[in-house]
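**Student:** Sending over start.tsv (TSV, C-alpha atoms).
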```tsv
chain	number	residue	atom	x	y	z
A	1	MET	CA	-70.55	-54.33	32.14
A	2	GLY	CA	-69.07	-56.94	34.47
A	3	SER	CA	-67.34	-60.14	33.49
A	4	PRO	CA	-67.73	-61.25	29.84
A	5	GLU	CA	-68.28	-64.78	31.14
A	6	PHE	CA	-71.40	-63.77	33.05
A	7	SER	CA	-74.79	-62.88	31.63
A	8	SER	CA	-77.95	-61.97	33.51
A	9	LYS	CA	-80.08	-63.24	30.62
A	10	LEU	CA	-82.02	-66.38	31.52
A	11	ALA	CA	-81.22	-69.09	28.99
A	12	ASP	CA	-83.92	-71.19	27.38
A	13	HIS	CA	-84.64	-74.54	28.99
A	14	PRO	CA	-82.96	-77.36	27.03
A	15	ARG	CA	-86.15	-79.46	26.82
A	16	LEU	CA	-89.24	-77.49	27.86
A	17	PRO	CA	-90.82	-75.28	25.18
A	18	LYS	CA	-90.80	-71.53	25.64
A	19	ARG	CA	-94.15	-70.16	26.77
A	20	LYS	CA	-95.55	-66.69	27.23
A	21	THR	CA	-93.65	-64.17	29.30
A	22	VAL	CA	-94.35	-64.43	33.02
A	23	ALA	CA	-93.71	-61.56	35.42
A	24	VAL	CA	-93.22	-62.21	39.12
A	25	VAL	CA	-94.19	-59.01	40.95
A	26	ILE	CA	-93.48	-58.83	44.67
A	27	LEU	CA	-95.15	-55.89	46.39
A	28	ASP	CA	-93.52	-56.03	49.79
A	29	GLY	CA	-95.84	-54.72	52.49
A	30	TRP	CA	-98.93	-54.55	50.28
A	31	GLY	CA	-102.15	-56.27	51.15
A	32	GLU	CA	-105.92	-56.19	51.05
A	33	ALA	CA	-107.82	-54.11	53.61
A	34	ASN	CA	-110.96	-52.00	53.93
A	35	PRO	CA	-111.00	-49.32	51.18
A	36	ASP	CA	-111.27	-46.31	53.48
A	37	GLN	CA	-109.29	-43.17	54.28
A	38	TYR	CA	-106.98	-45.13	56.58
A	39	ASN	CA	-105.86	-47.46	53.79
A	40	CYS	CA	-102.82	-45.84	52.19
A	41	ILE	CA	-102.90	-48.20	49.21
A	42	HIS	CA	-106.53	-47.29	48.51
A	43	VAL	CA	-105.90	-43.56	48.95
A	44	ALA	CA	-102.71	-43.48	46.86
A	45	ASP	CA	-102.67	-42.98	43.11
A	46	THR	CA	-101.68	-46.47	41.95
A	47	MET	CA	-102.55	-46.11	38.27
A	48	SER	CA	-99.07	-47.33	37.28
A	49	LEU	CA	-99.77	-50.78	38.64
A	50	PRO	CA	-100.41	-53.41	35.99
A	51	ALA	CA	-104.10	-53.72	35.14
A	52	THR	CA	-103.84	-57.45	35.65
A	53	ILE	CA	-103.56	-57.03	39.41
A	54	CYS	CA	-106.97	-57.58	40.93
A	55	TRP	CA	-107.06	-57.46	44.72
A	56	CYS	CA	-110.30	-59.41	44.89
A	57	SER	CA	-108.99	-62.41	42.93
A	58	ARG	CA	-108.80	-65.76	44.65
A	59	GLU	CA	-105.12	-66.09	43.78
A	60	MET	CA	-104.27	-62.80	45.46
A	61	GLU	CA	-106.28	-63.68	48.55
A	62	ILE	CA	-104.28	-66.87	48.96
A	63	ALA	CA	-100.99	-65.03	48.55
A	64	GLU	CA	-101.97	-62.28	50.96
A	65	GLY	CA	-103.31	-64.64	53.58
A	66	SER	CA	-100.21	-66.79	53.64
A	67	TRP	CA	-97.72	-64.35	55.15
A	68	TYR	CA	-98.83	-65.17	58.65
A	69	SER	CA	-99.58	-68.42	60.50
A	70	GLY	CA	-98.18	-71.90	60.22
A	71	ARG	CA	-98.49	-71.82	56.45
A	72	VAL	CA	-95.15	-70.03	56.31
A	73	GLY	CA	-93.52	-71.67	59.31
A	74	LEU	CA	-94.70	-69.40	62.13
A	75	PRO	CA	-95.64	-71.04	65.45
A	76	THR	CA	-99.43	-70.57	65.23
A	77	ASP	CA	-102.17	-69.05	63.08
A	78	ASP	CA	-102.32	-66.13	65.52
A	79	ASP	CA	-98.74	-65.04	64.82
A	80	MET	CA	-98.33	-61.91	62.75
A	81	GLY	CA	-96.08	-62.05	59.73
A	82	ASN	CA	-93.47	-59.47	58.76
A	83	SER	CA	-91.08	-58.66	55.95
A	84	GLU	CA	-88.54	-61.23	57.10
A	85	VAL	CA	-91.17	-63.98	57.06
A	86	GLY	CA	-92.20	-63.10	53.52
A	87	HIS	CA	-88.62	-62.81	52.30
A	88	ASN	CA	-87.66	-66.17	53.79
A	89	ALA	CA	-90.68	-67.95	52.34
A	90	LEU	CA	-90.26	-66.38	48.89
A	91	GLY	CA	-86.53	-66.98	48.84
A	92	ALA	CA	-86.70	-70.57	50.02
A	93	GLY	CA	-89.69	-71.43	47.88
A	94	ARG	CA	-90.97	-73.82	50.50
A	95	ILE	CA	-92.36	-73.93	54.02
A	96	TYR	CA	-89.80	-74.21	56.79
A	97	ALA	CA	-89.72	-73.27	60.45
A	98	GLN	CA	-89.12	-69.54	60.92
A	99	GLY	CA	-87.00	-68.15	63.75
A	100	ALA	CA	-89.73	-67.99	66.39
A	101	LYS	CA	-90.78	-71.57	65.76
A	102	LEU	CA	-87.20	-72.85	65.81
A	103	VAL	CA	-86.68	-71.34	69.25
A	104	ASP	CA	-90.03	-72.70	70.45
A	105	LEU	CA	-89.09	-76.22	69.38
A	106	ALA	CA	-85.60	-76.01	70.87
A	107	LEU	CA	-87.02	-74.86	74.21
A	108	ALA	CA	-89.88	-77.38	74.22
A	109	PHE	CA	-87.63	-80.39	73.62
A	110	GLY	CA	-84.63	-79.11	75.59
A	111	GLU	CA	-82.36	-79.10	72.55
A	112	ILE	CA	-81.21	-75.58	73.32
A	113	TYR	CA	-79.42	-76.87	76.43
A	114	GLU	CA	-77.75	-79.78	74.64
A	115	GLY	CA	-75.97	-77.83	71.91
A	116	GLU	CA	-72.37	-76.69	71.84
A	117	GLY	CA	-73.52	-73.09	72.23
A	118	PHE	CA	-75.05	-73.62	75.66
A	119	LYS	CA	-72.06	-75.70	76.76
A	120	TYR	CA	-69.88	-72.79	75.70
A	121	ILE	CA	-71.60	-70.22	77.91
A	122	LYS	CA	-72.14	-72.69	80.76
A	123	GLU	CA	-68.44	-72.43	81.56
A	124	CYS	CA	-69.12	-69.06	83.19
A	125	PHE	CA	-71.89	-70.26	85.51
A	126	ASP	CA	-69.69	-71.08	88.50
A	127	LYS	CA	-67.94	-67.73	88.85
A	128	GLY	CA	-69.52	-65.40	86.30
A	129	THR	CA	-72.87	-63.88	85.38
A	130	LEU	CA	-75.22	-64.83	82.56
A	131	HIS	CA	-76.48	-61.67	80.84
A	132	LEU	CA	-79.59	-61.80	78.65
A	133	ILE	CA	-80.12	-58.84	76.30
A	134	GLY	CA	-83.17	-58.31	74.12
A	135	LEU	CA	-86.59	-56.90	73.38
A	136	LEU	CA	-89.11	-57.32	76.20
A	137	SER	CA	-92.15	-57.90	74.05
A	138	ASP	CA	-94.94	-60.28	73.18
A	139	GLY	CA	-95.26	-59.00	69.63
A	140	GLY	CA	-93.70	-62.09	68.11
A	141	VAL	CA	-91.86	-60.12	65.44
A	142	ARG	CA	-88.40	-60.08	67.02
A	143	SER	CA	-88.87	-61.70	70.41
A	144	ARG	CA	-91.47	-63.21	72.70
A	145	LEU	CA	-91.76	-62.87	76.44
A	146	ASP	CA	-92.68	-66.52	76.99
A	147	GLN	CA	-89.44	-67.61	75.33
A	148	LEU	CA	-87.43	-65.39	77.67
A	149	LEU	CA	-89.23	-66.83	80.71
A	150	LEU	CA	-88.53	-70.40	79.57
A	151	LEU	CA	-84.91	-69.50	78.89
A	152	LEU	CA	-84.54	-68.08	82.39
A	153	GLU	CA	-86.12	-71.16	83.94
A	154	GLY	CA	-83.94	-73.49	81.90
A	155	ALA	CA	-80.74	-71.57	82.63
A	156	GLY	CA	-81.47	-71.82	86.34
A	157	GLU	CA	-82.13	-75.55	86.09
A	158	HIS	CA	-78.87	-76.04	84.21
A	159	GLY	CA	-76.60	-74.34	86.69
A	160	ALA	CA	-76.73	-70.57	86.25
A	161	LYS	CA	-76.17	-68.99	89.66
A	162	ARG	CA	-76.24	-65.31	88.73
A	163	ILE	CA	-78.44	-63.88	85.96
A	164	ARG	CA	-78.90	-60.32	84.76
A	165	VAL	CA	-81.52	-59.26	82.21
A	166	HIS	CA	-81.05	-56.11	80.14
A	167	ILE	CA	-84.47	-55.18	78.79
A	168	LEU	CA	-85.46	-53.06	75.79
A	169	SER	CA	-89.06	-51.84	75.88
A	170	ASP	CA	-91.09	-52.23	72.70
A	171	GLY	CA	-94.07	-50.01	71.79
A	172	ARG	CA	-93.69	-50.86	68.12
A	173	ASP	CA	-94.34	-54.57	67.59
A	174	ASP	CA	-96.55	-54.40	70.68
A	175	LEU	CA	-98.78	-51.74	72.24
A	176	ASP	CA	-97.18	-48.65	73.70
A	177	GLY	CA	-97.42	-48.87	77.49
A	178	SER	CA	-97.31	-52.67	77.58
A	179	SER	CA	-93.81	-52.43	79.07
A	180	VAL	CA	-95.24	-52.07	82.59
A	181	ARG	CA	-97.14	-55.36	82.36
A	182	PHE	CA	-94.20	-57.17	80.79
A	183	VAL	CA	-91.83	-55.99	83.51
A	184	GLU	CA	-94.28	-57.18	86.16
A	185	ILE	CA	-94.41	-60.63	84.55
A	186	LEU	CA	-90.63	-60.78	84.23
A	187	GLU	CA	-90.08	-59.66	87.82
A	188	ASN	CA	-92.43	-62.40	89.00
A	189	GLU	CA	-90.34	-65.03	87.18
A	190	LEU	CA	-87.10	-63.60	88.56
A	191	SER	CA	-88.50	-63.72	92.10
A	192	LYS	CA	-89.17	-67.45	91.63
A	193	LEU	CA	-85.53	-67.94	90.66
A	194	ARG	CA	-84.37	-66.00	93.72
A	195	GLU	CA	-86.47	-68.30	95.90
A	196	LYS	CA	-84.36	-71.14	94.52
A	197	GLY	CA	-81.15	-69.38	95.52
A	198	ILE	CA	-80.37	-67.90	92.10
A	199	ASP	CA	-79.31	-64.25	92.06
A	200	ALA	CA	-81.54	-63.06	89.21
A	201	GLN	CA	-82.36	-59.40	88.53
A	202	ILE	CA	-83.10	-56.87	85.82
A	203	ALA	CA	-79.91	-54.83	85.41
A	204	SER	CA	-80.72	-52.12	82.87
A	205	GLY	CA	-83.24	-50.96	80.32
A	206	GLY	CA	-84.37	-48.41	77.78
A	207	GLY	CA	-86.51	-47.98	74.67
A	208	ARG	CA	-85.68	-50.12	71.65
A	209	MET	CA	-85.27	-47.21	69.23
A	210	TYR	CA	-83.21	-45.09	71.62
A	211	VAL	CA	-81.07	-47.77	73.24
A	212	ARG	CA	-79.26	-50.52	71.35
A	213	MET	CA	-81.63	-51.73	68.60
A	214	ASN	CA	-80.40	-49.67	65.65
A	215	ARG	CA	-79.84	-51.66	62.46
A	216	HIS	CA	-78.39	-48.87	60.31
A	217	GLU	CA	-74.85	-47.61	60.79
A	218	ASN	CA	-76.03	-44.00	60.75
A	219	ASP	CA	-76.44	-43.43	64.49
A	220	TRP	CA	-74.00	-45.31	66.67
A	221	GLY	CA	-75.15	-43.19	69.59
A	222	VAL	CA	-78.10	-45.57	69.92
A	223	VAL	CA	-75.73	-48.50	70.38
A	224	LYS	CA	-73.43	-46.51	72.68
A	225	ARG	CA	-76.27	-45.68	75.06
A	226	GLY	CA	-76.90	-49.40	75.38
A	227	TRP	CA	-73.21	-50.15	75.83
A	228	ASP	CA	-72.87	-47.59	78.60
A	229	ALA	CA	-75.86	-49.00	80.50
A	230	GLN	CA	-75.29	-52.70	79.93
A	231	VAL	CA	-71.51	-52.98	79.98
A	232	LEU	CA	-70.36	-49.97	81.99
A	233	GLY	CA	-73.38	-49.74	84.29
A	234	GLU	CA	-73.74	-46.04	83.53
A	235	ALA	CA	-76.92	-44.19	82.51
A	236	PRO	CA	-78.57	-40.81	83.13
A	237	TYR	CA	-81.31	-42.48	85.19
A	238	LYS	CA	-80.80	-44.82	88.14
A	239	PHE	CA	-83.51	-46.76	89.96
A	240	GLN	CA	-83.73	-49.58	92.46
A	241	SER	CA	-86.22	-51.54	90.35
A	242	ALA	CA	-87.15	-51.77	86.69
A	243	LEU	CA	-90.83	-51.35	87.47
A	244	GLU	CA	-90.10	-48.08	89.25
A	245	ALA	CA	-87.97	-47.01	86.28
A	246	ILE	CA	-90.61	-47.71	83.64
A	247	LYS	CA	-93.42	-46.09	85.60
A	248	LYS	CA	-91.37	-43.01	86.45
A	249	LEU	CA	-90.03	-42.48	82.93
A	250	ARG	CA	-93.50	-42.91	81.45
A	251	GLU	CA	-94.79	-40.00	83.55
A	252	ASP	CA	-93.39	-37.71	80.86
A	253	PRO	CA	-96.38	-36.73	78.65
A	254	LYS	CA	-94.29	-37.44	75.55
A	255	ALA	CA	-93.02	-40.80	76.79
A	256	ASN	CA	-93.19	-43.78	74.46
A	257	ASP	CA	-91.92	-47.29	75.10
A	258	GLN	CA	-89.81	-47.16	71.94
A	259	TYR	CA	-87.88	-44.10	73.07
A	260	LEU	CA	-87.51	-44.48	76.82
A	261	PRO	CA	-84.07	-43.21	77.91
A	262	PRO	CA	-81.49	-45.66	79.23
A	263	PHE	CA	-81.52	-46.55	82.91
A	264	VAL	CA	-79.60	-48.85	85.23
A	265	ILE	CA	-80.72	-50.64	88.35
A	266	VAL	CA	-78.61	-49.88	91.42
A	267	ASP	CA	-78.38	-51.31	94.92
A	268	GLU	CA	-78.87	-49.36	98.14
A	269	SER	CA	-75.35	-47.96	97.90
A	270	GLY	CA	-75.99	-46.65	94.38
A	271	LYS	CA	-73.84	-49.27	92.65
A	272	ALA	CA	-75.07	-50.80	89.37
A	273	VAL	CA	-76.25	-54.37	89.99
A	274	GLY	CA	-75.26	-55.87	86.66
A	275	PRO	CA	-72.54	-54.41	84.42
A	276	ILE	CA	-70.91	-56.91	82.07
A	277	VAL	CA	-67.40	-57.82	83.24
A	278	ASP	CA	-64.61	-60.29	82.49
A	279	GLY	CA	-65.67	-63.92	82.80
A	280	ASP	CA	-69.37	-63.32	82.11
A	281	ALA	CA	-71.53	-64.74	79.32
A	282	VAL	CA	-73.80	-62.65	77.09
A	283	VAL	CA	-76.81	-63.99	75.17
A	284	THR	CA	-79.04	-61.89	72.92
A	285	PHE	CA	-82.48	-63.48	73.03
A	286	ASN	CA	-84.15	-61.86	70.00
A	287	PHE	CA	-84.94	-64.59	67.48
A	288	ARG	CA	-84.84	-62.03	64.65
A	289	ALA	CA	-81.29	-60.82	64.25
A	290	ASP	CA	-81.48	-57.65	62.16
A	291	ARG	CA	-81.66	-55.15	65.01
A	292	MET	CA	-79.08	-57.02	67.08
A	293	VAL	CA	-76.26	-56.95	64.52
A	294	LEU	CA	-74.73	-53.65	65.64
A	295	ILE	CA	-74.96	-54.74	69.27
A	296	ALA	CA	-73.05	-57.88	68.35
A	297	LYS	CA	-70.35	-55.86	66.58
A	298	ALA	CA	-69.75	-53.71	69.64
A	299	LEU	CA	-69.75	-56.75	71.90
A	300	GLU	CA	-67.54	-58.98	69.75
A	301	TYR	CA	-65.10	-56.95	67.61
A	302	GLU	CA	-61.80	-56.22	69.35
A	303	ASN	CA	-60.94	-53.56	66.73
A	304	PHE	CA	-64.33	-51.84	67.00
A	305	ASP	CA	-63.93	-48.08	66.43
A	306	LYS	CA	-67.42	-46.57	66.12
A	307	PHE	CA	-67.29	-45.12	69.65
A	308	ASP	CA	-65.10	-45.31	72.73
A	309	ARG	CA	-66.16	-48.41	74.65
A	310	VAL	CA	-63.97	-47.35	77.62
A	311	ARG	CA	-63.34	-51.02	78.41
A	312	PHE	CA	-63.82	-54.26	76.49
A	313	PRO	CA	-64.62	-57.15	78.85
A	314	LYS	CA	-63.52	-60.67	78.00
A	315	TYR	CA	-66.72	-62.67	78.00
A	316	ASP	CA	-68.51	-65.39	76.06
A	317	MET	CA	-70.98	-63.98	73.53
A	318	LEU	CA	-73.82	-65.85	71.83
A	319	GLU	CA	-76.99	-65.08	69.96
A	320	CYS	CA	-80.06	-67.16	70.69
A	321	PHE	CA	-79.73	-69.21	67.49
A	322	ASN	CA	-76.05	-69.92	68.15
A	323	MET	CA	-77.08	-71.23	71.53
A	324	MET	CA	-79.16	-73.85	69.72
A	325	GLY	CA	-76.22	-74.81	67.54
A	326	ASN	CA	-77.41	-73.08	64.35
```
Can the structure in the file be given as structure tokens, please?
**Tutor:**
Amino acid sequence: MGSPEFSSKLADHPRLPKRKTVAVVILDGWGEANPDQYNCIHVADTMSLPATICWCSREMEIAEGSWYSGRVGLPTDDDMGNSEVGHNALGAGRIYAQGAKLVDLALAFGEIYEGEGFKYIKECFDKGTLHLIGLLSDGGVRSRLDQLLLLLEGAGEHGAKRIRVHILSDGRDDLDGSSVRFVEILENELSKLREKGIDAQIASGGGRMYVRMNRHENDWGVVKRGWDAQVLGEAPYKFQSALEAIKKLREDPKANDQYLPPFVIVDESGKAVGPIVDGDAVVTFNFRADRMVLIAKALEYENFDKFDRVRFPKYDMLECFNMMGN
């Protein structure tokens, strides 16, 4: 199988003696918790696991406890880990700043505004609109609200005259229903920008799992619903404020932040306030990229053919990390 020049067998070390066989077993998503009926690992029949695994051992406690906090490069000890954090730490074999911390540092020291990425999108500030697309959440798994607020403040201070935010409600990395509070906080920040003469508004929204944030190429309808709302300014629901939209859509007894339908914000004449057009700049502000990849494909690929985009604006596109120069 494969090339005769390649072998998957690990060769003996030229100097170190060969010891006993060592198995590295990575049980992604496993951990230690109360042994009750709500613990799926405890309830499941796990007799096939090696007998050497002992969940109460000191070594296992250290391994389990290290997938959150600053010990694996997260901003604080209160930050929750996730699969990406574990994969990065295991793959790198050392501690380094994870995505959330990198963005925190870049915002704190202003480096995000000094990189080539920000200079690239700044070209649109005089005549175009800066669009920010991402998950409105404080879960810290894919995005954080405080980072968005700092990004808005910094963009205003560095010359952005017109800003539109396209929000995706969470309900997965954060509590279902928290979208109302997050929108209130965001609207308060946008009002401060408007007081400074900056035209800043929420332009569209929807639930993360129903609008935009699909990471598997098995349902491009999710991405299309986001495209229609964010780029074309078209959606089945139209409101004059995002707060009104969230509250109204959540009146449905089955409503969930993850699956809220797409909506656009319109002015008094019924015209969408923030479709993406030629000459604009688009920034996705999630620090974790996996659920933004398909969005980026639709926004960037000229030969994209997964659905009819109707029109393909000529704009500057960046992800949050690219804005920092990474």
**Student:** Could you pull the residues within 8 Å of A:Val264, counting all atoms listed in the file, minus those fewer than 6 positions along the same chain, as a PyMOL selection string?
**Tutor:** chain A and resi 203-205+229-230+233-235+237-239+272
**Student:** Using C-alpha atoms, can you export the residues from the last selection as a PDB file, keeping the file's coordinate frame?
**Tutor:**
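What follows is the written file part_14.pdb:
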```
ATOM      1  CA  ALA A 203     -79.910 -54.830  85.410  1.00  0.00           C
ATOM      2  CA  SER A 204     -80.720 -52.120  82.870  1.00  0.00           C
ATOM      3  CA  GLY A 205     -83.240 -50.960  80.320  1.00  0.00           C
ATOM      4  CA  ALA A 229     -75.860 -49.000  80.500  1.00  0.00           C
ATOM      5  CA  GLN A 230     -75.290 -52.700  79.930  1.00  0.00           C
ATOM      6  CA  GLY A 233     -73.380 -49.740  84.290  1.00  0.00           C
ATOM      7  CA  GLU A 234     -73.740 -46.040  83.530  1.00  0.00           C
ATOM      8  CA  ALA A 235     -76.920 -44.190  82.510  1.00  0.00           C
ATOM      9  CA  TYR A 237     -81.310 -42.480  85.190  1.00  0.00           C
ATOM     10  CA  LYS A 238     -80.800 -44.820  88.140  1.00  0.00           C
ATOM     11  CA  PHE A 239     -83.510 -46.760  89.960  1.00  0.00           C
ATOM     12  CA  ALA A 272     -75.070 -50.800  89.370  1.00  0.00           C
TER      13      ALA A 272
END
```
**Student:** Quick one: residues within 12 Å of (-79.1, -61.0, 62.1) (file frame), counting all atoms listed in the file, please, as an mmCIF file with C-alpha atoms, in the coordinates of the input.
**Tutor:**
```cif
data_model
loop_
_atom_site.group_PDB
_atom_site.id
_atom_site.type_symbol
_atom_site.label_atom_id
_atom_site.label_comp_id
_atom_site.auth_asym_id
_atom_site.auth_seq_id
_atom_site.Cartn_x
_atom_site.Cartn_y
_atom_site.Cartn_z
ATOM 1 C CA GLU A 84 -88.540 -61.230 57.100
ATOM 2 C CA GLY A 99 -87.000 -68.150 63.750
ATOM 3 C CA ARG A 142 -88.400 -60.080 67.020
ATOM 4 C CA MET A 213 -81.630 -51.730 68.600
ATOM 5 C CA ASN A 214 -80.400 -49.670 65.650
ATOM 6 C CA ARG A 215 -79.840 -51.660 62.460
ATOM 7 C CA THR A 284 -79.040 -61.890 72.920
ATOM 8 C CA PHE A 285 -82.480 -63.480 73.030
ATOM 9 C CA ASN A 286 -84.150 -61.860 70.000
ATOM 10 C CA PHE A 287 -84.940 -64.590 67.480
ATOM 11 C CA ARG A 288 -84.840 -62.030 64.650
ATOM 12 C CA ALA A 289 -81.290 -60.820 64.250
ATOM 13 C CA ASP A 290 -81.480 -57.650 62.160
ATOM 14 C CA ARG A 291 -81.660 -55.150 65.010
ATOM 15 C CA MET A 292 -79.080 -57.020 67.080
ATOM 16 C CA VAL A 293 -76.260 -56.950 64.520
ATOM 17 C CA LEU A 294 -74.730 -53.650 65.640
ATOM 18 C CA ILE A 295 -74.960 -54.740 69.270
ATOM 19 C CA ALA A 296 -73.050 -57.880 68.350
ATOM 20 C CA LYS A 297 -70.350 -55.860 66.580
ATOM 21 C CA GLU A 319 -76.990 -65.080 69.960
ATOM 22 C CA CYS A 320 -80.060 -67.160 70.690
ATOM 23 C CA PHE A 321 -79.730 -69.210 67.490
ATOM 24 C CA ASN A 322 -76.050 -69.920 68.150
#
```
**Student:** Between atom CA of A:Asp104 and atom CA of A:Gln201, what distance in Å does the model show, to one decimal?
**Tutor:**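 Taking atom CA of A:Asp104 and atom CA of A:Gln201, their separation equals 23.7 Å.
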**Student:** Which value, in Å to one decimal, gives the distance between atom CA of A:Asp316 and atom CA of A:Glu157?
**Tutor:** 19.7 Å
**Student:** Looking at A:Gln147, A:Asn303, A:Ser191, A:Ser269, which one is nearest to A:Ala106, with distances taken over all atoms listed in the file?
**Tutor:**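 Smallest distance to A:Ala106 is found for A:Gln147.
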**Student:** How far is it from atom CA of A:Ala242 to atom CA of A:Ile202, in Å with one decimal?
**Tutor:** 6.6 Å
**Student:** Restricting the calculation to all atoms listed in the file, which member of A:Ile121, A:Leu149, A:Val180, A:Ala23 is positioned closest to A:Val165?
**Tutor:** A:Leu149
**Student:** Provide an axis-aligned box for all listed atoms of stretch 37-47 of chain A, padding each side by 3 Å; report its centre and its edge lengths in Å to one decimal, as AutoDock Vina command-line options.
**Tutor:**
```
--center_x -105.5 --center_y -45.6 --center_z 47.4 --size_x 13.6 --size_y 11.2 --size_z 24.3
```
**Student:** Which residue, A:Gly274, A:Pro253, A:Gly154, A:Gly197, has the smallest gap to A:Leu232 when you use all atoms listed in the file?
**Tutor:**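 Closest candidate: A:Gly274.
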**Student:** Env of stretch 88-92 of chain A: 9 Å cut, atoms = all atoms listed in the file, seq-sep filter 4 positions within chain, self excluded. Answer as a ChimeraX atom specification.
**Tutor:** /A:67,72-73,83-84,96,98
**Student:** Counting all atoms listed in the file, which residue out of A:Gly156, A:Gly115, A:Gly140, A:Gly128 sits closest to A:Ala100?
**Tutor:**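 When distances to A:Ala100 are compared using all atoms listed in the file, the smallest one comes from A:Gly140.
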**Student:** Which polymer residues, protein or nucleic acid, are no farther than 9 Å from (-79.5, -64.1, 79.5), counting all atoms listed in the file, as a list of chain:residue names?
**Tutor:**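 Selection result: A:Thr129, A:Leu130, A:His131, A:Leu132, A:Ile133, A:Gly134, A:Leu148, A:Leu151, A:Leu152, A:Ala155, A:Ile163, A:Arg164, A:Val165, A:His166, A:Ala281, A:Val282, A:Val283, A:Thr284, A:Phe285.
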**Student:** Can you tell me which residues surround A:Lys314 at a distance of at most 12 Å, considering only C-alpha atoms, apart from same-chain residues fewer than 4 positions away, and format the answer as a list in words?
**Tutor:**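 Residues meeting the cut-off are Cys124, Gly128, Val231, Ile276, Val277, Asp278, Gly279, Asp280, Ala281, Val282, Leu299, Glu300, Tyr301 and Glu302 of chain A.
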**Student:** Of the candidates A:Glu187, A:Lys247, A:Ile26, A:Trp220, which shows the shortest atom-to-atom distance to A:His87, using only C-alpha atoms?
**Tutor:**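 So, comparing all the options, the nearest one is A:Ile26.
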**Student:** Can you pull out the residues contacting A:Arg172? Cut-off 10 Å, using only C-alpha atoms, and skip same-chain residues under 4 positions away; I want them as a VMD selection string.
**Tutor:** chain A and resid 137 139 141 176 208 to 209 256 to 258
